[in-house]
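K.L.:
TSV, C-alpha atoms and all ligand atoms, file work-v3.tsv:
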```tsv
chain	number	residue	atom	x	y	z
A	1	MET	CA	12.63	18.18	-15.91
A	2	LEU	CA	9.07	17.81	-14.72
A	3	VAL	CA	7.17	14.52	-14.57
A	4	LEU	CA	3.42	14.47	-13.98
A	5	VAL	CA	1.55	11.31	-13.07
A	6	ARG	CA	-2.10	10.70	-12.32
A	7	HIS	CA	-2.55	8.30	-9.39
A	8	GLY	CA	-3.26	4.63	-10.10
A	9	GLU	CA	-6.84	3.38	-10.21
A	10	SER	CA	-8.62	4.06	-6.91
A	11	GLU	CA	-11.30	1.94	-5.23
A	12	TRP	CA	-13.89	4.47	-6.40
A	13	ASN	CA	-12.53	4.64	-9.97
A	14	LYS	CA	-13.07	0.89	-10.00
A	15	LEU	CA	-16.66	1.30	-8.74
A	16	ASN	CA	-17.24	4.15	-11.25
A	17	LEU	CA	-18.07	6.69	-8.52
A	18	PHE	CA	-17.41	10.44	-8.58
A	19	THR	CA	-14.63	10.96	-6.04
A	20	GLY	CA	-13.28	14.52	-5.91
A	21	TRP	CA	-12.01	15.32	-2.40
A	22	ARG	CA	-13.18	12.02	-0.88
A	23	ASP	CA	-10.07	10.31	0.41
A	24	VAL	CA	-10.22	6.80	-1.01
A	25	GLU	CA	-7.44	4.21	-1.35
A	26	LEU	CA	-5.85	2.76	-4.47
A	27	SER	CA	-7.37	-0.47	-5.75
A	28	GLU	CA	-5.11	-3.50	-6.18
A	29	ARG	CA	-4.87	-2.63	-9.85
A	30	GLY	CA	-3.98	0.96	-8.90
A	31	VAL	CA	-1.11	-0.28	-6.74
A	32	GLU	CA	0.09	-2.34	-9.70
A	33	GLU	CA	-0.20	0.67	-12.05
A	34	ALA	CA	1.90	2.76	-9.66
A	35	ARG	CA	4.49	0.00	-9.51
A	36	LYS	CA	4.62	-0.16	-13.30
A	37	ALA	CA	4.98	3.63	-13.55
A	38	GLY	CA	7.91	3.50	-11.09
A	39	HIS	CA	9.47	0.63	-12.98
A	40	ALA	CA	9.17	2.44	-16.32
A	41	LEU	CA	10.75	5.57	-14.81
A	42	LYS	CA	13.59	3.50	-13.38
A	43	GLU	CA	14.17	1.68	-16.68
A	44	ALA	CA	14.31	5.04	-18.45
A	45	GLY	CA	16.95	6.24	-15.98
A	46	PHE	CA	14.91	8.89	-14.13
A	47	THR	CA	15.85	10.15	-10.68
A	48	PHE	CA	14.22	13.03	-8.79
A	49	ASP	CA	15.37	15.80	-6.46
A	50	ILE	CA	11.94	16.51	-4.97
A	51	ALA	CA	8.35	15.29	-5.21
A	52	PHE	CA	4.99	17.03	-4.92
A	53	THR	CA	1.63	15.47	-4.22
A	54	SER	CA	-1.86	16.31	-3.01
A	55	ALA	CA	-3.40	15.91	0.44
A	56	LEU	CA	-5.21	12.76	-0.74
A	57	LYS	CA	-3.89	9.27	-0.11
A	58	ARG	CA	-4.46	7.82	-3.60
A	59	ALA	CA	-1.92	10.32	-5.00
A	60	GLN	CA	0.40	10.04	-1.98
A	61	HIS	CA	0.49	6.25	-2.12
A	62	THR	CA	1.08	6.29	-5.86
A	63	LEU	CA	4.07	8.54	-5.23
A	64	ASP	CA	5.36	6.33	-2.37
A	65	ILE	CA	5.22	3.26	-4.59
A	66	ILE	CA	6.98	5.05	-7.47
A	67	LEU	CA	9.72	6.28	-5.14
A	68	GLU	CA	10.12	2.77	-3.70
A	69	GLU	CA	10.59	1.39	-7.20
A	70	LEU	CA	13.18	4.08	-7.88
A	71	GLY	CA	14.97	3.47	-4.56
A	72	GLN	CA	14.39	7.16	-3.74
A	73	THR	CA	12.16	7.13	-0.66
A	74	ASP	CA	14.48	9.65	1.02
A	75	ILE	CA	13.82	12.67	-1.24
A	76	PRO	CA	11.76	15.60	0.10
A	77	ILE	CA	7.99	15.32	-0.47
A	78	GLU	CA	5.69	18.35	-0.42
A	79	ARG	CA	2.01	17.54	0.15
A	80	ASP	CA	-0.57	20.23	-0.49
A	81	GLN	CA	-4.31	20.36	-1.04
A	82	ALA	CA	-3.73	22.84	-3.86
A	83	LEU	CA	-2.98	19.73	-5.96
A	84	ASN	CA	-6.14	17.86	-4.89
A	85	GLU	CA	-8.67	16.53	-7.38
A	86	ARG	CA	-11.42	18.99	-8.35
A	87	ASP	CA	-14.08	19.12	-5.67
A	88	TYR	CA	-16.97	17.16	-7.19
A	89	GLY	CA	-19.48	18.76	-4.81
A	90	ASP	CA	-22.86	17.03	-4.67
A	91	LEU	CA	-21.77	14.43	-7.23
A	92	ALA	CA	-19.15	12.89	-4.91
A	93	GLY	CA	-20.10	9.31	-4.11
A	94	LEU	CA	-22.62	9.02	-6.98
A	95	ASN	CA	-22.25	6.46	-9.73
A	96	LYS	CA	-21.24	8.08	-13.05
A	97	ASP	CA	-23.66	5.96	-15.13
A	98	ALA	CA	-26.52	6.66	-12.69
A	99	ALA	CA	-25.73	10.39	-12.99
A	100	ARG	CA	-25.93	10.12	-16.81
A	101	GLU	CA	-29.34	8.46	-16.50
A	102	ARG	CA	-30.55	11.18	-14.14
A	103	TRP	CA	-29.15	14.34	-15.77
A	104	GLY	CA	-28.34	13.14	-19.32
A	105	GLU	CA	-25.08	12.27	-21.07
A	106	GLU	CA	-24.41	15.81	-22.25
A	107	GLN	CA	-24.86	17.55	-18.90
A	108	VAL	CA	-22.64	15.05	-17.13
A	109	HIS	CA	-19.95	15.44	-19.83
A	110	ILE	CA	-20.10	19.23	-19.35
A	111	TRP	CA	-19.61	18.86	-15.60
A	112	ARG	CA	-16.72	16.44	-16.10
A	113	ARG	CA	-14.83	18.01	-19.00
A	114	SER	CA	-15.89	21.62	-19.62
A	115	TYR	CA	-13.65	24.51	-18.59
A	116	ASP	CA	-15.97	26.66	-16.55
A	117	THR	CA	-19.20	24.84	-15.70
A	118	PRO	CA	-18.89	23.51	-12.13
A	119	PRO	CA	-20.71	20.38	-11.00
A	120	PRO	CA	-23.41	21.31	-8.42
A	121	GLY	CA	-21.67	22.52	-5.25
A	122	GLY	CA	-18.22	21.74	-6.68
A	123	GLU	CA	-15.32	23.19	-8.67
A	124	SER	CA	-15.08	23.76	-12.42
A	125	LEU	CA	-11.76	23.14	-14.14
A	126	LYS	CA	-11.27	26.92	-14.04
A	127	ASP	CA	-11.78	26.95	-10.25
A	128	THR	CA	-9.34	24.06	-9.96
A	129	ALA	CA	-6.79	25.92	-12.13
A	130	GLU	CA	-7.11	28.94	-9.85
A	131	ARG	CA	-5.51	26.97	-7.01
A	132	VAL	CA	-3.27	24.59	-9.01
A	133	LEU	CA	-1.55	27.21	-11.18
A	134	PRO	CA	-0.47	29.63	-8.42
A	135	TYR	CA	0.92	26.64	-6.51
A	136	TYR	CA	2.76	25.45	-9.63
A	137	GLU	CA	4.16	28.91	-10.30
A	138	ASP	CA	5.21	29.61	-6.69
A	139	LYS	CA	6.46	26.22	-5.51
A	140	ILE	CA	7.19	23.91	-8.43
A	141	LEU	CA	8.26	25.98	-11.43
A	142	PRO	CA	11.12	27.85	-9.67
A	143	LEU	CA	12.74	24.49	-8.86
A	144	VAL	CA	12.28	23.18	-12.39
A	145	LYS	CA	13.77	26.38	-13.80
A	146	GLU	CA	16.81	25.86	-11.55
A	147	GLY	CA	17.30	22.51	-13.25
A	148	LYS	CA	15.87	20.30	-10.50
A	149	ASP	CA	14.14	17.06	-11.51
A	150	VAL	CA	10.63	17.13	-10.08
A	151	ILE	CA	7.80	14.57	-9.97
A	152	VAL	CA	4.18	15.51	-9.28
A	153	SER	CA	1.69	12.79	-8.35
A	154	ALA	CA	-1.81	14.21	-8.51
A	155	HIS	CA	-5.25	13.79	-10.07
A	156	GLY	CA	-7.12	13.69	-13.37
A	157	ASN	CA	-8.46	17.22	-13.14
A	158	SER	CA	-5.75	18.99	-11.13
A	159	LEU	CA	-3.31	17.74	-13.79
A	160	ARG	CA	-5.69	18.66	-16.65
A	161	ALA	CA	-5.64	22.22	-15.29
A	162	LEU	CA	-1.85	22.24	-15.29
A	163	ILE	CA	-1.50	20.57	-18.70
A	164	MET	CA	-3.99	23.03	-20.20
A	165	LYS	CA	-1.52	25.76	-19.25
A	166	LEU	CA	1.68	23.89	-20.21
A	167	ASP	CA	0.31	22.77	-23.59
A	168	ASP	CA	-1.49	26.07	-24.16
A	169	LEU	CA	-4.82	24.34	-24.82
A	170	SER	CA	-7.98	26.29	-25.57
A	171	ARG	CA	-11.19	25.86	-23.57
A	172	ASP	CA	-12.47	23.64	-26.40
A	173	GLU	CA	-9.31	21.59	-26.67
A	174	VAL	CA	-9.22	20.84	-22.95
A	175	THR	CA	-12.61	19.10	-23.17
A	176	GLN	CA	-10.82	16.34	-25.17
A	177	LEU	CA	-8.01	15.92	-22.65
A	178	ASN	CA	-8.33	12.71	-20.60
A	179	LEU	CA	-5.48	11.39	-18.49
A	180	ALA	CA	-4.82	7.70	-18.03
A	181	THR	CA	-3.99	6.47	-14.53
A	182	GLY	CA	-0.34	5.69	-13.82
A	183	VAL	CA	1.19	6.99	-17.05
A	184	PRO	CA	4.10	9.42	-16.45
A	185	ILE	CA	4.13	12.51	-18.66
A	186	VAL	CA	7.58	14.02	-19.04
A	187	TYR	CA	8.16	17.72	-19.72
A	188	LYS	CA	11.48	19.34	-20.48
A	189	ILE	CA	11.12	22.95	-19.36
A	190	ASP	CA	13.45	25.77	-20.41
A	191	ALA	CA	14.98	28.23	-17.95
A	192	ASP	CA	12.29	30.77	-18.94
A	193	GLY	CA	9.55	28.33	-17.92
A	194	SER	CA	8.43	27.41	-21.43
A	195	VAL	CA	7.92	23.82	-22.55
A	196	ALA	CA	10.76	22.54	-24.74
A	197	GLU	CA	9.55	18.96	-25.09
A	198	LYS	CA	6.73	16.68	-23.95
A	199	ARG	CA	6.42	12.90	-24.06
A	200	GLU	CA	4.56	10.09	-22.36
A	201	LEU	CA	6.46	7.12	-21.00
A	202	SER	CA	5.31	3.80	-22.36
A	203	ILE	CA	4.35	1.51	-19.56
B	1	LIG	O1	-12.81	12.46	-8.95
B	1	LIG	C1	-13.12	11.57	-9.76
B	1	LIG	O2	-14.24	11.05	-9.80
B	1	LIG	C2	-12.11	11.06	-10.78
B	1	LIG	O3	-10.91	10.81	-10.19
B	1	LIG	C3	-11.97	11.98	-11.95
B	1	LIG	O4	-13.20	12.09	-12.47
B	1	LIG	P1	-13.55	12.50	-13.98
B	1	LIG	O5	-13.10	11.37	-14.86
B	1	LIG	O6	-15.02	12.65	-13.95
B	1	LIG	O7	-12.82	13.75	-14.27
```
Translate this file's structure into structure tokens.
Ligand SMILES: O=C(O)[C@H](O)COP(=O)(O)O

P.N.:
Amino acid sequence: MLVLVRHGESEWNKLNLFTGWRDVELSERGVEEARKAGHALKEAGFTFDIAFTSALKRAQHTLDIILEELGQTDIPIERDQALNERDYGDLAGLNKDAARERWGEEQVHIWRRSYDTPPPGGESLKDTAERVLPYYEDKILPLVKEGKDVIVSAHGNSLRALIMKLDDLSRDEVTQLNLATGVPIVYKIDADGSVAEKRELSI
């Protein structure tokens, strides 16, 4: 079984700033969201053999809080920048509404949600997928196929890249995919790596 969770609200999500690889902390609300995600997983009877997260503290702290709630702080944790948020390039640190005023609603939506148009100086979803998917296939999927229960705490766009693949979404469909913070998505994966079942936990 594979559980994916986007980190709780960060300080910069709260301020509506493009974040990308900037290493910002969870907001108070984000800490609470992580706690609720952990609680919901515990209530639903989940336990994990191993956890994966990015090199960024908002995802790492979300994972720590979830594992605390589960009473599982002793499981192995793999941290890797392959799971980092998309690099937002020159947009990092800018306000998202100010960017819409400067470049227009449509252009900003293309940078944020399109498959292969990168923000200036940053990574497109395709670029992000080119580091997330090999990592998933080499490090995560073999464990899931063996029957291990795995949790991945990562980011809006690194997880969109992975979900695009798992759900077999087209380039058009993925533009509609938006992930809420702190909501665990549960996949049952068959021994051949295909998705048998997908559901979101209610928080
Ligand atoms: O990096 C960021 O700014 C956010 O975490 C994700 O941004 P997005 O909603 O523009 O994809």

K.L.:
Give one line per residue of chain A that approaches ligand LIG 1 (chain B) to at most 9 Å, naming the two atoms of the closest pair and their distance in Å to one decimal, counting all atoms listed in the file; sort by chain then ascending residue number and deliver it as a Markdown table.

P.N.:
```
| residue | atom | partner | partner_atom | distance |
| --- | --- | --- | --- | --- |
| A:His7 | CA | B:LIG1 | O3 | 8.8 |
| A:Glu9 | CA | B:LIG1 | O3 | 8.5 |
| A:Ser10 | CA | B:LIG1 | O3 | 7.8 |
| A:Trp12 | CA | B:LIG1 | O2 | 7.4 |
| A:Asn13 | CA | B:LIG1 | O3 | 6.4 |
| A:Asn16 | CA | B:LIG1 | O2 | 7.7 |
| A:Leu17 | CA | B:LIG1 | O2 | 5.9 |
| A:Phe18 | CA | B:LIG1 | O2 | 3.5 |
| A:Thr19 | CA | B:LIG1 | O1 | 3.7 |
| A:Gly20 | CA | B:LIG1 | O1 | 3.7 |
| A:Trp21 | CA | B:LIG1 | O1 | 7.2 |
| A:Arg22 | CA | B:LIG1 | O1 | 8.1 |
| A:Glu85 | CA | B:LIG1 | O1 | 6.0 |
| A:Arg86 | CA | B:LIG1 | O1 | 6.7 |
| A:Asp87 | CA | B:LIG1 | O1 | 7.5 |
| A:Tyr88 | CA | B:LIG1 | O1 | 6.5 |
| A:Leu91 | CA | B:LIG1 | O2 | 8.6 |
| A:Ala92 | CA | B:LIG1 | O2 | 7.2 |
| A:Gly93 | CA | B:LIG1 | O2 | 8.4 |
| A:Lys96 | CA | B:LIG1 | O6 | 7.8 |
| A:Val108 | CA | B:LIG1 | O6 | 8.6 |
| A:His109 | CA | B:LIG1 | O6 | 8.2 |
| A:Trp111 | CA | B:LIG1 | O6 | 7.9 |
| A:Arg112 | CA | B:LIG1 | O6 | 4.7 |
| A:Arg113 | CA | B:LIG1 | O7 | 6.7 |
| A:His155 | CA | B:LIG1 | O3 | 6.4 |
| A:Gly156 | CA | B:LIG1 | C3 | 5.3 |
| A:Asn157 | CA | B:LIG1 | O7 | 5.7 |
| A:Arg160 | CA | B:LIG1 | O7 | 9.0 |
| A:Asn178 | CA | B:LIG1 | O5 | 7.6 |
| A:Leu179 | CA | B:LIG1 | O5 | 8.4 |
```

K.L.:
Next, write the just-selected residues to a file, as an mmCIF file, in the coordinates of the input, keeping C-alpha atoms as the atom set.

P.N.:
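Written out: selection-v5.cif:
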```cif
data_model
loop_
_atom_site.group_PDB
_atom_site.id
_atom_site.type_symbol
_atom_site.label_atom_id
_atom_site.label_comp_id
_atom_site.auth_asym_id
_atom_site.auth_seq_id
_atom_site.Cartn_x
_atom_site.Cartn_y
_atom_site.Cartn_z
ATOM 1 C CA HIS A 7 -2.550 8.300 -9.390
ATOM 2 C CA GLU A 9 -6.840 3.380 -10.210
ATOM 3 C CA SER A 10 -8.620 4.060 -6.910
ATOM 4 C CA TRP A 12 -13.890 4.470 -6.400
ATOM 5 C CA ASN A 13 -12.530 4.640 -9.970
ATOM 6 C CA ASN A 16 -17.240 4.150 -11.250
ATOM 7 C CA LEU A 17 -18.070 6.690 -8.520
ATOM 8 C CA PHE A 18 -17.410 10.440 -8.580
ATOM 9 C CA THR A 19 -14.630 10.960 -6.040
ATOM 10 C CA GLY A 20 -13.280 14.520 -5.910
ATOM 11 C CA TRP A 21 -12.010 15.320 -2.400
ATOM 12 C CA ARG A 22 -13.180 12.020 -0.880
ATOM 13 C CA GLU A 85 -8.670 16.530 -7.380
ATOM 14 C CA ARG A 86 -11.420 18.990 -8.350
ATOM 15 C CA ASP A 87 -14.080 19.120 -5.670
ATOM 16 C CA TYR A 88 -16.970 17.160 -7.190
ATOM 17 C CA LEU A 91 -21.770 14.430 -7.230
ATOM 18 C CA ALA A 92 -19.150 12.890 -4.910
ATOM 19 C CA GLY A 93 -20.100 9.310 -4.110
ATOM 20 C CA LYS A 96 -21.240 8.080 -13.050
ATOM 21 C CA VAL A 108 -22.640 15.050 -17.130
ATOM 22 C CA HIS A 109 -19.950 15.440 -19.830
ATOM 23 C CA TRP A 111 -19.610 18.860 -15.600
ATOM 24 C CA ARG A 112 -16.720 16.440 -16.100
ATOM 25 C CA ARG A 113 -14.830 18.010 -19.000
ATOM 26 C CA HIS A 155 -5.250 13.790 -10.070
ATOM 27 C CA GLY A 156 -7.120 13.690 -13.370
ATOM 28 C CA ASN A 157 -8.460 17.220 -13.140
ATOM 29 C CA ARG A 160 -5.690 18.660 -16.650
ATOM 30 C CA ASN A 178 -8.330 12.710 -20.600
ATOM 31 C CA LEU A 179 -5.480 11.390 -18.490
#
```

K.L.:
If we count all atoms listed in the file, what is near A:Tyr135 at a cut-off of 9 Å, once residues fewer than 6 positions away on the same chain are taken out, given as JSON, numbers by chain?

P.N.:
{"A": [80, 82, 83, 141]}

K.L.:
Quick one: everything within 8 Å of A:Ser194, counting all atoms listed in the file, minus sequence neighbours fewer than 4 positions away in the same chain. Send it as a ChimeraX atom specification.

P.N.:
/A:166,189-190

K.L.:
Just want the 9 Å neighbourhood of stretch 116-118 of chain A, counted on all atoms listed in the file, with same-chain residues fewer than 4 positions away dropped. Output as a list in words.

P.N.:
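Skipping anything fewer than 4 positions along the chain leaves Tyr88, Gly89, Ile110, Trp111, Arg112, Gly122, Glu123, Ser124, Leu125, Lys126, Asp127 and Arg171 of chain A.
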
K.L.:
Please measure the separation of atom CA of A:Glu25 and atom CA of A:Ala59, giving the value in Å to one decimal.

P.N.:
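Computed distance, atom CA of A:Glu25 to atom CA of A:Ala59, equals 9.0 Å.
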
K.L.:
One number please: atom CA of A:Ala51 to atom CA of A:Val152, in Å, one decimal.

P.N.:
5.8 Å

K.L.:
Around (3.8, 22.3, -23.4) in the file's frame, which residues reach within 12 Å when counting only C-alpha atoms? Return as a PyMOL selection string?

P.N.:
chain A and resi 2+162-169+185-190+193-199

K.L.:
Taking into account all atoms listed in the file, which residue in the set A:Asp192, A:Asp90, A:Asp138, A:Glu200 is nearest to A:Ala180?

P.N.:
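Smallest distance to A:Ala180 is found for A:Glu200.
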